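**Student:** One structure coming up, written as structure tokens, with questions to follow.
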Amino acid sequence: MNQDFAFGKGNFIWIGIAIVLIVIGFALMSGGSSPDGMSFNSSIFSKQRIVIAPVVTMSGFLLMVYGILKGGKNARQEKETAHK
């Protein structure tokens with residue numbers, strides 16, 4: 001029984017890596033609140049939350065697009081058989 005999936009093994013690996021990067025990026029963006037819950041916490045402007053986390057998250061989203069659009073082994077085989 002041969003099942004044809006829309007994505008190959010490589011696509012799922014890229015998509016899995018992308019999901020991990022997105023989760024890490026959002027985890028880096030999160031953080032603690034102020035100690036009393038009412039005062040201003042200046043750590044929201046830290047380099048980690050302003051620069052690093054968005055870059056990691058955006059790279060995860062771009063890698064997700066690449067993983068979806070990347071042609072798998074089946075797409076290459078179809079191209080080769082179409083040219084013959």
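Following the order of the structure tokens, chains are lettered A, B, ..., residues in each are numbered from 1, and ligands are numbered from 1.
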Considering only C-alpha atoms, return as a PyMOL selection string whatever protein or nucleic-acid residues lie within 12 Å of Phe12 in chain A, sequence-local ones (same chain, fewer than 5 positions apart) excluded.

**Tutor:** chain A and resi 5-7+17-19+63-72

**Student:** Using CA of Gly37 in chain A and CA of Gly25 in chain A as the two end points, give the distance in Å to one decimal.

**Tutor:**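 That distance, rounded to one decimal, is 24.2 Å.
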
**Student:** Quote the spacing between CA of Thr57 in chain A and CA of Ser39 in chain A in Å to one decimal place.

**Tutor:**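 That distance, rounded to one decimal, is 28.4 Å.
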
**Student:** Using only C-alpha atoms, find the one residue out of A:Trp14, A:Gly60, A:Met29, A:Asp4 that sits nearest to Phe45 in chain A.

**Tutor:**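 Looking at the shortest contact to Phe45 in chain A, the residue is A:Met29.
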
**Student:** CA of Asn41 in chain A to CA of Ile24 in chain A: how many Å, to one decimal?

**Tutor:**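 Computing the Euclidean distance for CA of Asn41 in chain A and CA of Ile24 in chain A yields 22.2 Å.
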
**Student:** What's around Gln48 in chain A at 12 Å? Count only C-alpha atoms, leave out sequence neighbours fewer than 4 positions away in its own chain, and write the answer as a ChimeraX atom specification.

**Tutor:** /A:24-31,43-44,52-57

**Student:** Quick one: DSSP alpha helix (DSSP H) residues in chain A, as a ChimeraX atom specification?

**Tutor:** /A:9-29,47,53-69,73-83
